[in-house]
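Novice: One structure is given below, represented as C-alpha coordinates, and several questions about it will come after.
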Amino acid sequence: MRRAPGPRVAPLGIVLACGAFATTAGAQVARTAEYLQRMDTDGDGRVSLAEYQAWMGYAFDRMDRNDDGVLSADELPGGQGRPITRAEHLARLAATFNRQDRNRDGYLDARELAAPPQR
(Lines give C-alpha, C1' and ligand atoms only; values in the text may rest on other atoms or scores of the structure.)
Protein backbone atom coordinates (compact mmCIF):
# COMPACT_ATOMS: atom_id res chain seq x y z
CA MET A 1 0.00 0.00 0.00
CA ARG A 2 1.40 3.36 -1.00
CA ARG A 3 1.38 6.14 1.56
CA ALA A 4 0.73 9.76 0.81
CA PRO A 5 3.93 11.72 0.25
CA GLY A 6 5.37 13.46 3.25
CA PRO A 7 6.21 17.11 3.54
CA ARG A 8 8.58 18.65 1.02
CA VAL A 9 11.63 19.21 3.15
CA ALA A 10 15.20 18.01 2.92
CA PRO A 11 15.92 14.67 4.60
CA LEU A 12 17.19 15.07 8.16
CA GLY A 13 20.71 13.92 7.30
CA ILE A 14 21.06 16.69 4.73
CA VAL A 15 19.62 19.25 7.11
CA LEU A 16 22.02 18.19 9.84
CA ALA A 17 24.97 18.22 7.46
CA CYS A 18 24.04 21.75 6.47
CA GLY A 19 23.73 22.64 10.16
CA ALA A 20 27.48 23.22 10.26
CA PHE A 21 26.79 26.91 9.82
CA ALA A 22 24.93 27.01 13.13
CA THR A 23 26.94 28.85 15.73
CA THR A 24 26.02 26.73 18.73
CA ALA A 25 24.92 23.19 19.44
CA GLY A 26 21.85 24.72 21.06
CA ALA A 27 20.85 26.25 17.73
CA GLN A 28 21.10 22.85 16.09
CA VAL A 29 18.95 21.25 18.76
CA ALA A 30 16.36 24.00 18.43
CA ARG A 31 16.05 23.34 14.70
CA THR A 32 16.04 19.61 15.29
CA ALA A 33 13.27 20.11 17.83
CA GLU A 34 11.13 21.29 14.93
CA TYR A 35 11.84 18.02 13.12
CA LEU A 36 11.03 16.14 16.30
CA GLN A 37 7.65 17.85 16.46
CA ARG A 38 6.91 17.01 12.82
CA MET A 39 8.06 13.38 13.09
CA ASP A 40 6.44 12.80 16.48
CA THR A 41 2.96 11.91 15.25
CA ASP A 42 1.74 10.63 18.63
CA GLY A 43 2.96 13.75 20.48
CA ASP A 44 4.95 11.92 23.16
CA GLY A 45 8.04 14.11 22.70
CA ARG A 46 10.16 11.42 21.09
CA VAL A 47 10.41 9.62 17.76
CA SER A 48 9.85 5.88 17.48
CA LEU A 49 11.35 3.75 14.73
CA ALA A 50 7.96 3.61 12.98
CA GLU A 51 7.63 7.41 13.08
CA TYR A 52 11.20 7.81 11.81
CA GLN A 53 10.68 5.37 8.96
CA ALA A 54 7.38 6.99 7.98
CA TRP A 55 8.95 10.47 7.91
CA MET A 56 12.21 9.50 6.24
CA GLY A 57 10.59 6.99 3.87
CA TYR A 58 8.50 9.51 1.97
CA ALA A 59 11.28 10.04 -0.59
CA PHE A 60 11.14 6.38 -1.58
CA ASP A 61 7.39 6.63 -2.19
CA ARG A 62 7.80 9.75 -4.30
CA MET A 63 10.53 8.18 -6.44
CA ASP A 64 8.68 4.86 -6.93
CA ARG A 65 6.74 6.16 -9.94
CA ASN A 66 5.27 2.80 -10.94
CA ASP A 67 4.33 1.97 -7.32
CA ASP A 68 5.88 -1.52 -7.44
CA GLY A 69 7.82 -1.23 -4.16
CA VAL A 70 11.17 -1.26 -5.95
CA LEU A 71 13.27 1.68 -7.07
CA SER A 72 14.68 0.59 -10.39
CA ALA A 73 17.64 2.31 -12.03
CA ASP A 74 15.41 4.69 -13.98
CA GLU A 75 13.71 5.80 -10.73
CA LEU A 76 16.98 6.43 -8.88
CA PRO A 77 18.77 9.79 -8.91
CA GLY A 78 21.04 9.89 -11.94
CA GLY A 79 19.06 7.12 -13.61
CA GLN A 80 21.48 4.40 -12.60
CA GLY A 81 22.34 2.11 -9.73
CA ARG A 82 21.29 -1.15 -8.18
CA PRO A 83 17.53 -1.53 -7.63
CA ILE A 84 16.43 -1.18 -4.00
CA THR A 85 13.27 -2.57 -2.47
CA ARG A 86 11.12 -0.77 0.06
CA ALA A 87 12.13 -3.41 2.63
CA GLU A 88 15.84 -2.71 2.00
CA HIS A 89 15.22 1.02 2.30
CA LEU A 90 13.35 0.57 5.60
CA ALA A 91 16.16 -1.68 6.89
CA ARG A 92 18.70 1.05 6.09
CA LEU A 93 16.57 3.60 7.91
CA ALA A 94 16.31 1.24 10.90
CA ALA A 95 20.09 0.86 10.98
CA THR A 96 20.53 4.64 10.95
CA PHE A 97 17.87 5.02 13.66
CA ASN A 98 19.63 2.43 15.83
CA ARG A 99 22.97 4.20 15.46
CA GLN A 100 21.35 7.49 16.49
CA ASP A 101 19.57 5.92 19.49
CA ARG A 102 22.56 6.41 21.76
CA ASN A 103 20.79 5.56 25.01
CA ARG A 104 19.22 2.46 23.39
CA ASP A 105 15.71 3.21 24.64
CA GLY A 106 14.07 2.61 21.24
CA TYR A 107 13.27 6.29 20.71
CA LEU A 108 15.06 9.39 19.47
CA ASP A 109 14.88 12.63 21.41
CA ALA A 110 15.91 16.03 20.03
CA ARG A 111 19.56 15.59 21.06
CA GLU A 112 19.80 12.18 19.40
CA LEU A 113 18.20 13.57 16.24
CA ALA A 114 20.75 16.39 16.20
CA ALA A 115 23.75 14.10 16.60
CA PRO A 116 25.20 12.28 13.62
CA PRO A 117 24.65 8.50 13.71
CA GLN A 118 27.39 6.53 15.44
CA ARG A 119 29.35 4.14 13.28
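Residue numbering restarts at 1 in every chain; chains get A, B, ... in the order shown in the C-alpha coordinates, and ligands count up from 1 in that same order.
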Hey, what's within 10 Å of Ala87 of chain A if we count only C-alpha atoms and toss same-chain stuff fewer than 6 positions away? As a PyMOL selection string, please?
Specialist: chain A and resi 69-70+93
Novice: Might you pull out every residue within 7 Å of segment 44-50 of chain A, with only C-alpha atoms counted and same-chain residues fewer than 5 positions away left off, and present them as a list in words?
Specialist: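 That gives Leu36, Met39, Ala94, Phe97, Gly106, Tyr107, Leu108 and Asp109 of chain A.
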Novice: Between atom CA of Arg86 of chain A and atom CA of Leu71 of chain A, what is the spacing in Å?
Specialist: 7.8 Å
Novice: Determine the nearest neighbour of Leu113 of chain A from the options A:Asp40, A:Asp101, A:Glu75, A:Asp64, counting only C-alpha atoms.
Specialist: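 So, comparing all the options, the nearest one is A:Asp101.
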Novice: Record the distance separating atom CA of Arg99 of chain A and atom CA of Glu34 of chain A, expressed in Å with one decimal.
Specialist: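 Result for atom CA of Arg99 of chain A versus atom CA of Glu34 of chain A: 20.8 Å, one decimal.
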Novice: Name the residues in contact with Gln118 of chain A at a cut-off of 9 Å, using only C-alpha atoms, excluding same-chain residues fewer than 3 positions from it; report them as a PDB file with N, CA, C and O atoms, in the first residue's frame.
Specialist:
ATOM      1  N   THR A  96      20.167   3.258  10.609  1.00  0.00           N
ATOM      2  CA  THR A  96      20.525   4.642  10.949  1.00  0.00           C
ATOM      3  C   THR A  96      19.881   5.042  12.269  1.00  0.00           C
ATOM      4  O   THR A  96      20.522   5.630  13.145  1.00  0.00           O
ATOM      5  N   ASN A  98      18.971   3.128  14.725  1.00  0.00           N
ATOM      6  CA  ASN A  98      19.631   2.432  15.831  1.00  0.00           C
ATOM      7  C   ASN A  98      20.978   3.038  16.173  1.00  0.00           C
ATOM      8  O   ASN A  98      21.366   3.090  17.347  1.00  0.00           O
ATOM      9  N   ARG A  99      21.696   3.531  15.179  1.00  0.00           N
ATOM     10  CA  ARG A  99      22.968   4.202  15.464  1.00  0.00           C
ATOM     11  C   ARG A  99      22.742   5.541  16.166  1.00  0.00           C
ATOM     12  O   ARG A  99      23.576   5.979  16.952  1.00  0.00           O
ATOM     13  N   GLN A 100      21.641   6.200  15.854  1.00  0.00           N
ATOM     14  CA  GLN A 100      21.353   7.492  16.493  1.00  0.00           C
ATOM     15  C   GLN A 100      20.787   7.320  17.899  1.00  0.00           C
ATOM     16  O   GLN A 100      20.886   8.235  18.706  1.00  0.00           O
ATOM     17  N   ASP A 101      20.178   6.186  18.179  1.00  0.00           N
ATOM     18  CA  ASP A 101      19.566   5.924  19.487  1.00  0.00           C
ATOM     19  C   ASP A 101      20.663   5.585  20.492  1.00  0.00           C
ATOM     20  O   ASP A 101      20.869   4.446  20.867  1.00  0.00           O
ATOM     21  N   ARG A 102      21.364   6.602  20.922  1.00  0.00           N
ATOM     22  CA  ARG A 102      22.556   6.408  21.755  1.00  0.00           C
ATOM     23  C   ARG A 102      22.253   5.809  23.124  1.00  0.00           C
ATOM     24  O   ARG A 102      23.052   5.077  23.670  1.00  0.00           O
ATOM     25  N   ALA A 115      22.414  14.696  16.675  1.00  0.00           N
ATOM     26  CA  ALA A 115      23.751  14.097  16.603  1.00  0.00           C
ATOM     27  C   ALA A 115      23.856  13.202  15.364  1.00  0.00           C
ATOM     28  O   ALA A 115      22.906  12.524  14.998  1.00  0.00           O
TER      29      ALA A 115
END
Novice: In Å to one decimal, how far is atom CA of His89 of chain A from atom CA of Pro77 of chain A?
Specialist: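 Straight-line distance from atom CA of Pro77 of chain A to atom CA of His89 of chain A works out to 14.7 Å.
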Novice: Of the candidates A:Gln80, A:Arg31, A:Thr85, A:Ala114, which one gets nearest to Asp61 of chain A if we count only C-alpha atoms?
Specialist: A:Thr85
Novice: Would you mind telling me which residue in A:Glu51, A:Asp67, A:Glu112, A:Asp74 lies nearest to Leu90 of chain A when using only C-alpha atoms?
Specialist: A:Glu51
Novice: Using only C-alpha atoms, pick whichever of A:Arg119, A:Gly57, A:Arg111, A:Tyr52 has the shortest atom-to-atom distance to Glu88 of chain A.
Specialist: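 Going through A:Arg119, A:Gly57, A:Arg111, A:Tyr52 one by one, the smallest distance to Glu88 of chain A is for A:Gly57.
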